[in-house]
file query_25.txt (compact mmCIF, C-alpha atoms)
# COMPACT_ATOMS: atom_id res chain seq x y z
CA MET A 10 4.65 42.65 300.99
CA SER A 11 3.53 44.34 297.83
CA GLU A 12 6.86 43.83 296.16
CA ASN A 13 6.99 40.11 296.75
CA PHE A 14 6.00 37.16 294.62
CA SER A 15 6.18 33.41 294.99
CA ILE A 16 8.61 30.87 293.64
CA GLU A 17 8.44 27.13 293.40
CA ILE A 18 11.32 24.94 292.31
CA VAL A 19 10.46 21.34 291.52
CA ASN A 20 12.60 18.46 290.37
CA PRO A 21 11.26 15.09 289.25
CA GLU A 22 11.64 13.60 292.70
CA LYS A 23 10.03 16.27 294.78
CA SER A 24 9.11 19.87 295.26
CA PHE A 25 12.52 21.25 296.01
CA LEU A 26 11.73 24.72 297.28
CA SER A 27 8.66 26.82 297.73
CA LYS A 28 8.61 30.39 298.93
CA ASP A 29 6.17 33.24 298.71
CA ASN A 30 8.17 36.20 299.92
CA VAL A 31 10.68 36.62 297.16
CA SER A 32 11.56 40.05 295.91
CA GLU A 33 13.86 39.22 293.03
CA VAL A 34 15.05 36.12 291.22
CA VAL A 35 17.87 35.93 288.70
CA VAL A 36 17.78 32.89 286.46
CA PRO A 37 20.40 31.75 283.93
CA ALA A 38 18.16 31.68 280.87
CA PHE A 39 19.32 30.29 277.60
CA GLU A 40 20.06 33.62 276.03
CA GLY A 41 21.50 35.31 279.07
CA GLU A 42 20.55 35.95 282.63
CA ILE A 43 17.07 37.24 283.36
CA GLY A 44 16.18 39.13 286.50
CA ILE A 45 12.57 38.77 287.48
CA LEU A 46 10.73 41.20 289.69
CA LYS A 47 7.09 41.36 290.63
CA ASP A 48 4.62 41.93 287.77
CA HIS A 49 7.04 40.75 285.16
CA ILE A 50 5.33 39.84 281.90
CA SER A 51 4.40 36.17 281.55
CA ILE A 52 7.41 34.36 280.23
CA ILE A 53 8.55 30.85 279.44
CA SER A 54 12.21 30.17 278.93
CA PHE A 55 14.93 27.56 279.15
CA LEU A 56 17.76 27.42 281.55
CA LYS A 57 21.33 26.64 280.83
CA PRO A 58 23.78 25.52 283.51
CA GLY A 59 24.23 28.34 285.96
CA ILE A 60 23.24 29.89 289.24
CA ILE A 61 19.75 30.81 290.32
CA LYS A 62 19.84 33.68 292.77
CA ILE A 63 16.87 34.25 294.98
CA PHE A 64 16.54 37.46 296.97
CA SER A 65 14.00 37.64 299.72
CA GLY A 66 14.33 40.72 301.89
CA THR A 67 17.92 40.86 302.96
CA GLU A 68 18.47 37.14 302.43
CA LYS A 69 20.13 35.78 299.36
CA GLU A 70 20.19 32.16 298.30
CA SER A 71 22.05 30.62 295.40
CA TYR A 72 21.39 27.32 293.68
CA PHE A 73 23.23 25.60 290.90
CA VAL A 74 20.99 24.22 288.16
CA GLU A 75 21.97 22.22 285.17
CA ASP A 76 18.96 22.62 282.96
CA GLY A 77 15.30 23.35 283.24
CA ILE A 78 12.38 25.47 282.27
CA VAL A 79 11.08 28.58 283.96
CA GLU A 80 7.56 29.81 283.73
CA PHE A 81 6.44 33.09 285.21
CA LYS A 82 2.74 33.79 285.34
CA ASP A 83 0.45 35.80 287.61
CA ASN A 84 3.31 36.57 289.97
CA SER A 85 4.30 33.01 290.54
CA LEU A 86 7.51 31.61 289.21
CA SER A 87 7.89 27.90 288.57
CA VAL A 88 11.24 26.34 287.86
CA LEU A 89 11.38 22.78 286.60
CA THR A 90 14.81 21.27 286.71
CA SER A 91 16.32 17.83 286.76
CA PHE A 92 19.48 18.69 288.63
CA ILE A 93 19.82 21.28 291.36
CA PHE A 94 21.76 21.81 294.55
CA ASN A 95 22.10 24.56 297.08
CA LEU A 96 25.50 26.20 296.97
CA LYS A 97 25.53 26.49 300.73
CA ASP A 98 25.22 22.72 301.17
CA SER A 99 27.84 21.74 298.65
CA ASP A 100 31.49 21.34 299.41
CA LYS A 101 34.48 21.47 297.13
CA ASN A 102 34.65 17.71 296.74
CA TYR A 103 31.13 17.51 295.47
CA ILE A 104 31.72 20.24 292.93
CA SER A 105 34.97 18.77 291.69
CA ASN A 106 33.30 15.37 291.37
CA THR A 107 30.57 16.90 289.26
CA ILE A 108 33.18 18.63 287.14
CA SER A 109 35.11 15.44 286.48
CA GLU A 110 31.88 13.64 285.60
CA ALA A 111 31.05 16.34 283.11
CA GLU A 112 34.55 16.17 281.67
CA LYS A 113 34.23 12.44 281.24
CA GLU A 114 30.97 12.97 279.42
CA LEU A 115 32.62 15.60 277.26
CA SER A 116 35.40 13.28 276.19
CA LYS A 117 32.91 10.88 274.61
CA ASP A 118 32.70 11.01 270.86
CA ASP A 119 29.01 10.62 270.31
CA ILE A 120 27.81 13.98 271.59
CA ASP A 121 26.48 16.72 269.39
CA ASP A 122 27.52 20.34 269.31
CA GLN A 123 24.72 21.60 271.49
CA LYS A 124 25.50 19.13 274.19
CA ARG A 125 29.17 19.94 273.98
CA PHE A 126 28.38 23.60 274.38
CA LEU A 127 26.21 22.92 277.42
CA LEU A 128 28.81 20.70 279.03
CA ASN A 129 31.56 23.21 278.46
CA HIS A 130 29.40 25.85 279.97
CA LYS A 131 28.60 23.69 282.95
CA ILE A 132 32.26 23.03 283.64
CA GLU A 133 33.00 26.70 283.34
CA VAL A 134 30.35 27.66 285.86
CA LEU A 135 31.36 24.95 288.27
CA LYS A 136 35.02 25.88 288.04
CA SER A 137 34.28 29.50 288.79
CA LEU A 138 32.42 28.25 291.86
CA SER A 139 35.27 26.21 293.22
CA ILE A 140 37.66 29.11 292.91
CA ASN A 141 35.55 31.39 295.05
CA MET B 30 -9.45 -39.60 307.72
CA ALA B 31 -6.06 -38.03 308.25
CA SER B 32 -4.17 -39.25 311.23
CA LEU B 33 -3.32 -37.02 314.16
CA ASP B 34 0.26 -36.76 313.07
CA ASP B 35 -0.68 -35.64 309.57
CA LEU B 36 -2.95 -32.96 310.96
CA LYS B 37 -0.22 -31.71 313.25
CA LYS B 38 2.17 -31.43 310.33
CA ARG B 39 -0.33 -29.54 308.23
CA ILE B 40 -1.06 -27.08 310.99
CA SER B 41 2.58 -26.28 311.47
CA SER B 42 3.16 -25.87 307.73
CA VAL B 43 0.23 -23.46 307.38
CA LYS B 44 1.53 -21.57 310.37
CA SER B 45 4.93 -21.08 308.79
CA THR B 46 3.32 -19.91 305.54
CA GLN B 47 1.40 -17.42 307.59
CA LYS B 48 4.61 -16.16 309.11
CA ILE B 49 6.07 -15.55 305.66
CA THR B 50 3.04 -13.70 304.35
CA LYS B 51 2.91 -11.63 307.48
CA ALA B 52 6.54 -10.64 307.09
CA MET B 53 5.99 -9.78 303.44
CA LYS B 54 3.06 -7.63 304.39
CA MET B 55 5.17 -5.69 306.89
CA VAL B 56 7.94 -5.17 304.36
CA ALA B 57 5.45 -4.02 301.75
CA ALA B 58 3.87 -1.65 304.24
CA SER B 59 7.12 0.07 305.02
CA LYS B 60 8.12 0.23 301.36
CA LEU B 61 4.68 1.52 300.51
CA ARG B 62 5.06 4.50 302.77
CA ARG B 63 8.19 5.52 300.96
CA ALA B 64 6.86 4.81 297.49
CA GLN B 65 3.68 6.68 298.21
CA GLU B 66 5.62 9.67 299.45
CA ASN B 67 7.73 9.64 296.31
CA ALA B 68 4.69 9.35 294.09
CA GLU B 69 3.04 12.29 295.78
CA LYS B 70 6.18 14.37 295.67
CA GLY B 71 6.65 13.61 292.00
CA ARG B 72 3.22 14.76 291.00
CA PRO B 73 3.82 18.53 290.98
CA TYR B 74 6.65 18.20 288.46
CA SER B 75 4.66 16.31 285.89
CA GLU B 76 1.62 18.48 286.44
CA LYS B 77 3.62 21.66 286.00
CA MET B 78 5.28 20.24 282.92
CA ASN B 79 1.90 19.39 281.46
CA ASN B 80 0.58 22.86 282.23
CA ILE B 81 3.47 24.58 280.56
CA ILE B 82 3.11 22.45 277.47
CA LEU B 83 -0.61 23.11 277.40
CA ASN B 84 -0.03 26.84 277.58
CA LEU B 85 2.64 26.61 274.94
CA SER B 86 0.65 24.56 272.51
CA ASN B 87 -2.29 26.88 272.88
CA SER B 88 -0.29 29.94 272.08
CA ILE B 89 1.58 28.45 269.18
CA SER B 90 0.52 30.24 266.05
CA ASP B 91 0.92 27.90 263.12
CA LYS B 92 -0.11 24.41 264.01
CA GLU B 93 1.11 23.09 260.69
CA ASN B 94 4.76 23.41 261.49
CA SER B 95 4.66 22.50 265.14
CA PRO B 96 6.82 19.59 266.25
CA LYS B 97 5.84 16.08 265.29
CA LEU B 98 5.90 14.87 268.88
CA LEU B 99 2.98 17.17 269.61
CA THR B 100 0.83 16.67 266.56
CA GLY B 101 1.83 13.16 265.59
CA SER B 102 3.23 11.90 262.34
CA GLY B 103 -0.02 12.58 260.55
CA GLU B 104 -0.80 8.91 260.25
CA ASN B 105 -2.45 6.43 262.52
CA LYS B 106 -1.20 3.04 261.47
CA VAL B 107 1.36 1.70 263.87
CA HIS B 108 0.60 1.76 267.55
CA LEU B 109 3.29 1.41 270.17
CA CYS B 110 2.19 0.31 273.61
CA VAL B 111 4.47 0.63 276.61
CA ILE B 112 3.35 -1.76 279.30
CA MET B 113 4.73 -0.87 282.69
CA THR B 114 4.63 -3.69 285.21
CA SER B 115 6.60 -4.85 288.22
CA ASP B 116 9.66 -7.07 288.37
CA ARG B 117 8.41 -9.14 291.26
CA GLY B 118 5.37 -11.25 291.73
CA LEU B 119 3.13 -11.97 294.72
CA CYS B 120 1.38 -8.66 294.49
CA GLY B 121 -2.21 -9.66 293.91
CA GLY B 122 -3.93 -8.44 290.81
CA PHE B 123 -1.44 -5.66 290.17
CA ASN B 124 0.15 -6.96 286.99
CA THR B 125 -2.94 -8.80 285.80
CA ASN B 126 -5.00 -5.63 285.92
CA ILE B 127 -2.56 -3.75 283.71
CA ILE B 128 -2.31 -6.65 281.28
CA LYS B 129 -6.06 -7.00 281.12
CA LYS B 130 -6.45 -3.34 280.26
CA ALA B 131 -3.68 -3.55 277.71
CA LYS B 132 -5.05 -6.69 276.09
CA SER B 133 -8.44 -5.14 275.45
CA TYR B 134 -6.63 -2.21 273.84
CA PHE B 135 -4.55 -4.58 271.71
CA GLN B 136 -7.72 -6.30 270.56
CA LYS B 137 -9.22 -3.01 269.49
CA ILE B 138 -6.13 -2.10 267.51
CA LEU B 139 -5.82 -5.44 265.82
CA GLU B 140 -9.49 -5.37 264.86
CA GLU B 141 -8.92 -2.04 263.18
CA LYS B 142 -6.18 -3.74 261.16
CA LYS B 143 -3.44 -1.56 262.55
CA ASP B 144 0.06 -2.63 263.43
CA LEU B 145 0.86 -3.26 267.03
CA LYS B 146 4.24 -2.95 268.69
CA ILE B 147 4.87 -3.54 272.35
CA ILE B 148 7.58 -2.48 274.75
CA THR B 149 7.41 -4.09 278.14
CA VAL B 150 8.95 -2.40 281.15
CA GLY B 151 9.29 -4.84 284.04
CA SER B 152 9.71 -8.57 283.64
CA LYS B 153 6.28 -9.68 284.84
CA GLY B 154 4.55 -7.97 281.97
CA TYR B 155 6.81 -9.72 279.50
CA ASP B 156 6.12 -13.09 281.12
CA GLN B 157 2.40 -12.64 280.77
CA LEU B 158 2.40 -11.25 277.26
CA LYS B 159 5.01 -13.39 275.56
CA ARG B 160 2.65 -16.31 275.01
CA ILE B 161 0.18 -14.47 272.81
CA TYR B 162 2.00 -11.39 271.58
CA LYS B 163 5.53 -12.66 271.25
CA ASP B 164 5.93 -11.32 267.71
CA ASN B 165 4.68 -7.88 268.67
CA ILE B 166 7.11 -7.31 271.49
CA ILE B 167 9.98 -5.30 270.10
CA GLU B 168 11.78 -4.52 273.31
CA LYS B 169 11.78 -5.60 276.91
CA ILE B 170 13.26 -3.45 279.59
CA SER B 171 13.61 -4.22 283.23
CA PHE B 172 15.16 -2.31 286.08
CA LYS B 173 15.71 -5.09 288.53
CA GLU B 174 18.85 -3.50 289.90
CA SER B 175 17.24 -0.19 290.79
CA LYS B 176 15.79 -0.25 294.25
CA TYR B 177 13.56 2.73 293.73
CA ALA B 178 12.09 4.27 290.64
CA ASN B 179 14.46 6.99 289.54
CA TYR B 180 14.43 9.59 286.82
CA PHE B 181 17.52 8.21 285.16
CA ASP B 182 15.76 4.94 284.30
CA ALA B 183 12.70 6.78 283.07
CA ASP B 184 14.86 8.92 280.86
CA LYS B 185 16.35 5.79 279.29
CA VAL B 186 12.91 4.49 278.38
CA GLY B 187 11.93 7.92 277.10
CA LYS B 188 15.00 8.09 274.86
CA ILE B 189 14.22 4.67 273.38
CA ILE B 190 10.70 5.78 272.56
CA ILE B 191 11.78 9.05 270.99
CA ASP B 192 14.47 7.33 269.02
CA LYS B 193 11.94 4.91 267.59
CA PHE B 194 9.55 7.73 266.82
CA GLU B 195 12.18 9.63 264.92
CA LYS B 196 12.93 6.54 262.88
CA LYS B 197 9.21 6.50 262.05
CA GLU B 198 8.70 3.09 263.57
CA PHE B 199 5.32 4.02 265.01
CA ASP B 200 2.69 6.75 264.89
CA VAL B 201 0.88 6.61 268.21
CA CYS B 202 2.34 5.77 271.60
CA THR B 203 0.35 4.79 274.66
CA ILE B 204 1.62 3.86 278.08
CA PHE B 205 -0.13 1.55 280.51
CA TYR B 206 0.38 1.73 284.23
CA ASN B 207 -1.48 1.56 287.52
CA GLN B 208 -2.39 4.80 289.14
CA PHE B 209 -2.12 4.73 292.89
CA LYS B 210 -5.27 5.88 294.61
CA ASN B 211 -5.04 4.19 297.96
CA VAL B 212 -3.86 0.91 299.40
CA ILE B 213 -6.81 -1.08 298.13
CA THR B 214 -7.58 0.81 294.95
CA GLN B 215 -5.22 1.08 292.02
CA ILE B 216 -6.65 2.15 288.73
CA PRO B 217 -5.10 0.80 285.55
CA GLN B 218 -4.53 3.69 283.19
CA GLU B 219 -3.87 4.11 279.54
CA GLN B 220 -2.27 7.38 278.60
CA GLN B 221 -1.44 8.50 275.13
CA ILE B 222 1.85 10.37 275.05
CA ILE B 223 2.52 10.68 271.33
CA PRO B 224 0.84 12.64 269.85
CA LEU B 225 0.14 14.56 272.98
CA LYS B 226 -3.51 14.84 273.91
CA THR B 227 -4.38 18.37 274.86
CA SER B 228 -7.75 19.23 276.23
CA GLU B 229 -8.86 21.84 273.72
CA SER B 230 -12.03 22.90 275.47
CA GLU B 231 -10.19 24.35 278.42
CA GLY B 232 -7.42 25.84 276.40
CA SER B 233 -9.27 28.42 274.40
CA SER B 234 -10.72 30.15 277.44
CA PHE B 235 -7.46 31.19 279.04
CA LYS B 236 -5.25 32.46 276.37
CA ASN B 237 -2.10 33.80 277.86
CA ASN B 238 0.21 36.16 276.18
CA TYR B 239 3.55 34.72 276.98
CA GLU B 240 6.91 36.05 276.12
CA PHE B 241 9.13 33.32 274.83
CA GLU B 242 12.84 33.06 274.84
CA PRO B 243 13.92 31.46 272.51
CA GLU B 244 11.10 30.92 269.99
CA GLU B 245 8.03 28.80 270.75
CA ASP B 246 8.98 25.94 268.45
CA GLU B 247 12.42 25.72 269.87
CA ILE B 248 11.09 25.50 273.38
CA LEU B 249 8.56 22.90 272.36
CA ASN B 250 11.17 20.87 270.54
CA ASN B 251 13.22 20.76 273.68
CA LEU B 252 10.38 20.32 276.09
CA LEU B 253 8.46 17.51 274.45
CA PRO B 254 11.15 14.82 274.78
CA LYS B 255 11.55 15.84 278.39
CA ASN B 256 7.85 15.59 278.89
CA ILE B 257 7.84 12.01 277.65
CA SER B 258 10.50 11.03 280.15
CA THR B 259 8.59 12.88 282.82
CA GLN B 260 5.35 11.09 282.05
CA ILE B 261 7.13 7.77 282.14
CA PHE B 262 8.75 8.67 285.40
CA LYS B 263 5.37 9.57 286.80
CA ALA B 264 4.02 6.24 285.63
CA MET B 265 6.94 4.47 287.30
CA LEU B 266 6.37 6.24 290.58
CA GLU B 267 2.65 5.52 290.54
CA ASN B 268 3.40 1.95 289.61
CA SER B 269 5.83 1.34 292.43
CA ALA B 270 3.42 2.76 294.97
CA SER B 271 0.62 0.67 293.49
CA GLU B 272 2.76 -2.45 293.51
CA GLN B 273 3.54 -2.14 297.20
CA GLY B 274 -0.06 -1.29 298.05
CA SER B 275 -1.33 -4.20 296.06
CA ARG B 276 1.20 -6.54 297.60
CA MET B 277 0.33 -5.34 301.06
CA SER B 278 -3.37 -6.03 300.68
CA ALA B 279 -2.72 -9.35 298.95
CA MET B 280 -0.45 -10.47 301.77
CA ASP B 281 -2.92 -9.23 304.34
CA ASN B 282 -5.56 -11.42 302.76
CA ALA B 283 -3.20 -14.38 302.63
CA THR B 284 -2.35 -13.99 306.31
CA ARG B 285 -6.01 -13.88 307.22
CA ASN B 286 -6.81 -16.93 305.11
CA ALA B 287 -3.96 -18.85 306.67
CA GLY B 288 -5.30 -17.92 310.11
CA GLU B 289 -8.73 -19.27 309.22
CA MET B 290 -7.20 -22.45 307.93
CA VAL B 291 -5.19 -22.94 311.13
CA ASP B 292 -8.37 -22.52 313.19
CA LYS B 293 -10.24 -25.07 311.13
CA LEU B 294 -7.43 -27.58 311.24
CA THR B 295 -7.02 -27.13 314.98
CA ILE B 296 -10.70 -27.91 315.58
CA GLN B 297 -10.40 -30.98 313.39
CA TYR B 298 -7.27 -32.03 315.28
CA ASN B 299 -8.90 -31.64 318.68
CA ARG B 300 -12.03 -33.52 317.61
CA SER B 301 -10.14 -36.50 316.35
CA ARG B 302 -7.96 -36.49 319.46
CA GLN B 303 -11.05 -36.55 321.66
CA ALA B 304 -12.61 -39.27 319.51
CA ALA B 305 -9.53 -41.40 320.00
CA ILE B 306 -9.66 -40.91 323.76
CA THR B 307 -13.37 -41.77 323.90
CA LYS B 308 -12.74 -44.86 321.83
CA GLU B 309 -10.03 -46.03 324.19
CA LEU B 310 -12.25 -45.43 327.24
CA ILE B 311 -15.11 -47.42 325.72
CA GLU B 312 -12.73 -50.26 325.02
CA ILE B 313 -11.50 -50.31 328.62
CA ILE B 314 -15.02 -50.09 330.14
CA SER B 315 -16.51 -52.76 327.91
CA GLY B 316 -13.49 -54.95 328.64
CA ALA B 317 -14.06 -54.56 332.42
CA GLU B 318 -17.79 -55.27 332.08
CA SER B 319 -17.25 -58.55 330.27
CA LEU B 320 -15.21 -59.93 333.16
call {"tool": "encode", "arguments": {"input": "query_25.txt", "output": "structure tokens"}}
result
Amino acid sequence: MSENFSIEIVNPEKSFLSKDNVSEVVVPAFEGEIGILKDHISIISFLKPGIIKIFSGTEKESYFVEDGIVEFKDNSLSVLTSFIFNLKDSDKNYISNTISEAEKELSKDDIDDQKRFLLNHKIEVLKSLSIN
Amino acid sequence: MASLDDLKKRISSVKSTQKITKAMKMVAASKLRRAQENAEKGRPYSEKMNNIILNLSNSISDKENSPKLLTGSGENKVHLCVIMTSDRGLCGGFNTNIIKKAKSYFQKILEEKKDLKIITVGSKGYDQLKRIYKDNIIEKISFKESKYANYFDADKVGKIIIDKFEKKEFDVCTIFYNQFKNVITQIPQEQQIIPLKTSESEGSSFKNNYEFEPEEDEILNNLLPKNISTQIFKAMLENSASEQGSRMSAMDNATRNAGEMVDKLTIQYNRSRQAAITKELIEIISGAESL
């Protein structure tokens, strides 16, 4: 019990996930992955496309997020994201659809460098998923 | 006095109106449940977002260089009002309440000799405002095709607003919408989103030492545009729940009124029918007596 903290993931439509027995969470922060354990210092950071891994006891859950903000404070972690899905629930079709959408977006001319970087990264992460 | 036939026709026409309003009420009730659920589910996101921004703006060290979206452009001349209304009518005072609130705000601004610009979201708001404020309306947006309020639409509105802000087309932005409280109460709200209003009194007491990655300004720069879309999305969700609630109670009233009218007309119909019968009887009796 003492090693656990709580996590809440919300997207604009609803509260996506809420748990209070999490022992470790790894989030894909903007400048590299961050692992968060209990009593981590208060932190606010961005997410880039990647996988959120949530460890609770022996269970492990993985979610794909596209963007978002994480805030950790007083042993509760909040993740705000606009696009998230559980890797368990997704099939290959869904992932490849998302990839082709991102590629379409990438082929447009009017995107700036930062967006291009994010899209490239997203495709990379998704591709690595569909291989496994 | 109307003839029996006329009365009969009127009764049946009121009855069919009642059927329509009753059906609309049922539809609104079932949509309301869904819209209300969505509105309630959407609240945590916007609240969390607000909290994070509050914490951030409190811990930011030099207020001078903080992003313009937070502190404003430094001037207070051009006001942009985003009026969020519905696309459909027959929902009681829903749209009128928002417009009323907005109009009193417009008056205040115009009296202070400031410029007023209006964006209407939803066609009903445009219909009601175009008569008086036609020149002030710079954009009208409507999402007739979307069945439910979704984040994608809100993001579009948010991007338009930010784009205009960056082009320095306005200094202060306020959105108007109805907050859903319950089926019979919806409170018209005005909410200033640029520059962001932060409650200072609370802020100073809980100063948190956050670690930021990347820097504070960079996070704020990224977060503030998102926050605007989020606030608009929240307003849309509240609005759609309010619209259905308002429509439901309006249709409930209409059904009840139609019922009363049917009762009244039926009594009138029966009375005149009886009067006709009595008249005929008297004619027969007095005819027999004279023989």
call {"tool": "interface_residues", "arguments": {"input": "query_25.txt", "of": "chain B", "to": "chain A", "cutoff": "6 Å", "atoms": "all atoms listed in the file", "output": "PyMOL selection string"}}
result
chain B and resi 70-71+74+239-242
call {"tool": "atom_distance", "arguments": {"input": "query_25.txt", "atom1": "CA of Ala64 (chain B)", "atom2": "CA of Phe209 (chain B)"}}
result
10.1 Å
call {"tool": "residues_around", "arguments": {"input": "query_25.txt", "residues": "Arg125 (chain A)", "least_positions_apart": "6", "cutoff": "12 Å", "atoms": "only C-alpha atoms", "output": "PyMOL selection string"}}
result
chain A and resi 111-119+131-132
call {"tool": "atom_distance", "arguments": {"input": "query_25.txt", "atom1": "CA of Pro224 (chain B)", "atom2": "CA of Phe194 (chain B)"}}
result
10.4 Å
call {"tool": "closest_residue", "arguments": {"input": "query_25.txt", "among": "B:Asn207, B:Gln47, B:Asn124, B:Gln220", "to": "Leu158 (chain B)", "atoms": "all atoms listed in the file"}}
result
B:Asn124
call {"tool": "atom_distance", "arguments": {"input": "query_25.txt", "atom1": "CA of Lys255 (chain B)", "atom2": "CA of Asp192 (chain B)"}}
result
13.0 Å
call {"tool": "residues_around", "arguments": {"input": "query_25.txt", "residues": "Val74 (chain A)", "least_positions_apart": "2", "cutoff": "8 Å", "atoms": "all atoms listed in the file", "output": "PyMOL selection string"}}
result
chain A and resi 57-61+72+76-77+90+92-94
call {"tool": "decode", "arguments": {"input": "query_25.txt", "residues": "region 31-83 of chain A", "atoms": "C-alpha atoms", "output": "PDB file, in the first residue's frame"}}
result
ATOM      1  CA  VAL A  31      -0.348   2.224  -9.075  1.00  0.00           C
ATOM      2  CA  SER A  32       3.252   1.534  -8.217  1.00  0.00           C
ATOM      3  CA  GLU A  33       5.017   2.979 -11.224  1.00  0.00           C
ATOM      4  CA  VAL A  34       4.098   4.936 -14.328  1.00  0.00           C
ATOM      5  CA  VAL A  35       6.331   5.602 -17.313  1.00  0.00           C
ATOM      6  CA  VAL A  36       5.257   8.519 -19.462  1.00  0.00           C
ATOM      7  CA  PRO A  37       6.711   9.631 -22.811  1.00  0.00           C
ATOM      8  CA  ALA A  38       7.603  13.186 -21.824  1.00  0.00           C
ATOM      9  CA  PHE A  39       8.780  15.695 -24.324  1.00  0.00           C
ATOM     10  CA  GLU A  40      12.428  15.369 -23.485  1.00  0.00           C
ATOM     11  CA  GLY A  41      12.496  11.644 -22.942  1.00  0.00           C
ATOM     12  CA  GLU A  42      10.666   9.069 -20.949  1.00  0.00           C
ATOM     13  CA  ILE A  43      10.033   9.744 -17.280  1.00  0.00           C
ATOM     14  CA  GLY A  44       9.405   7.023 -14.756  1.00  0.00           C
ATOM     15  CA  ILE A  45       7.339   8.168 -11.825  1.00  0.00           C
ATOM     16  CA  LEU A  46       7.314   6.450  -8.470  1.00  0.00           C
ATOM     17  CA  LYS A  47       5.659   7.444  -5.244  1.00  0.00           C
ATOM     18  CA  ASP A  48       6.838  10.728  -3.668  1.00  0.00           C
ATOM     19  CA  HIS A  49       8.238  12.017  -6.900  1.00  0.00           C
ATOM     20  CA  ILE A  50       8.786  15.770  -6.851  1.00  0.00           C
ATOM     21  CA  SER A  51       5.896  17.835  -8.201  1.00  0.00           C
ATOM     22  CA  ILE A  52       6.298  18.035 -11.928  1.00  0.00           C
ATOM     23  CA  ILE A  53       4.483  19.372 -14.957  1.00  0.00           C
ATOM     24  CA  SER A  54       5.513  18.203 -18.376  1.00  0.00           C
ATOM     25  CA  PHE A  55       4.349  17.630 -21.924  1.00  0.00           C
ATOM     26  CA  LEU A  56       3.870  14.379 -23.667  1.00  0.00           C
ATOM     27  CA  LYS A  57       4.912  13.469 -27.125  1.00  0.00           C
ATOM     28  CA  PRO A  58       3.406  10.542 -29.022  1.00  0.00           C
ATOM     29  CA  GLY A  59       4.320   7.370 -27.226  1.00  0.00           C
ATOM     30  CA  ILE A  60       3.311   4.701 -24.774  1.00  0.00           C
ATOM     31  CA  ILE A  61       2.208   5.246 -21.213  1.00  0.00           C
ATOM     32  CA  LYS A  62       3.032   2.221 -19.100  1.00  0.00           C
ATOM     33  CA  ILE A  63       1.212   1.734 -15.863  1.00  0.00           C
ATOM     34  CA  PHE A  64       2.405  -0.824 -13.347  1.00  0.00           C
ATOM     35  CA  SER A  65       0.138  -1.809 -10.531  1.00  0.00           C
ATOM     36  CA  GLY A  66       1.354  -4.808  -8.573  1.00  0.00           C
ATOM     37  CA  THR A  67       2.094  -7.479 -11.093  1.00  0.00           C
ATOM     38  CA  GLU A  68      -0.229  -5.987 -13.702  1.00  0.00           C
ATOM     39  CA  LYS A  69       1.035  -3.883 -16.533  1.00  0.00           C
ATOM     40  CA  GLU A  70      -1.086  -1.767 -18.834  1.00  0.00           C
ATOM     41  CA  SER A  71       0.014   0.161 -21.879  1.00  0.00           C
ATOM     42  CA  TYR A  72      -1.743   3.030 -23.593  1.00  0.00           C
ATOM     43  CA  PHE A  73      -0.856   4.942 -26.698  1.00  0.00           C
ATOM     44  CA  VAL A  74      -1.135   8.722 -26.349  1.00  0.00           C
ATOM     45  CA  GLU A  75      -0.639  11.320 -28.972  1.00  0.00           C
ATOM     46  CA  ASP A  76      -0.133  14.409 -26.897  1.00  0.00           C
ATOM     47  CA  GLY A  77      -0.987  15.739 -23.508  1.00  0.00           C
ATOM     48  CA  ILE A  78       0.152  17.178 -20.253  1.00  0.00           C
ATOM     49  CA  VAL A  79       1.102  15.365 -17.090  1.00  0.00           C
ATOM     50  CA  GLU A  80       0.961  16.835 -13.665  1.00  0.00           C
ATOM     51  CA  PHE A  81       2.225  15.043 -10.601  1.00  0.00           C
ATOM     52  CA  LYS A  82       1.412  16.516  -7.237  1.00  0.00           C
ATOM     53  CA  ASP A  83       0.870  15.125  -3.740  1.00  0.00           C
TER      54      ASP A  83
END
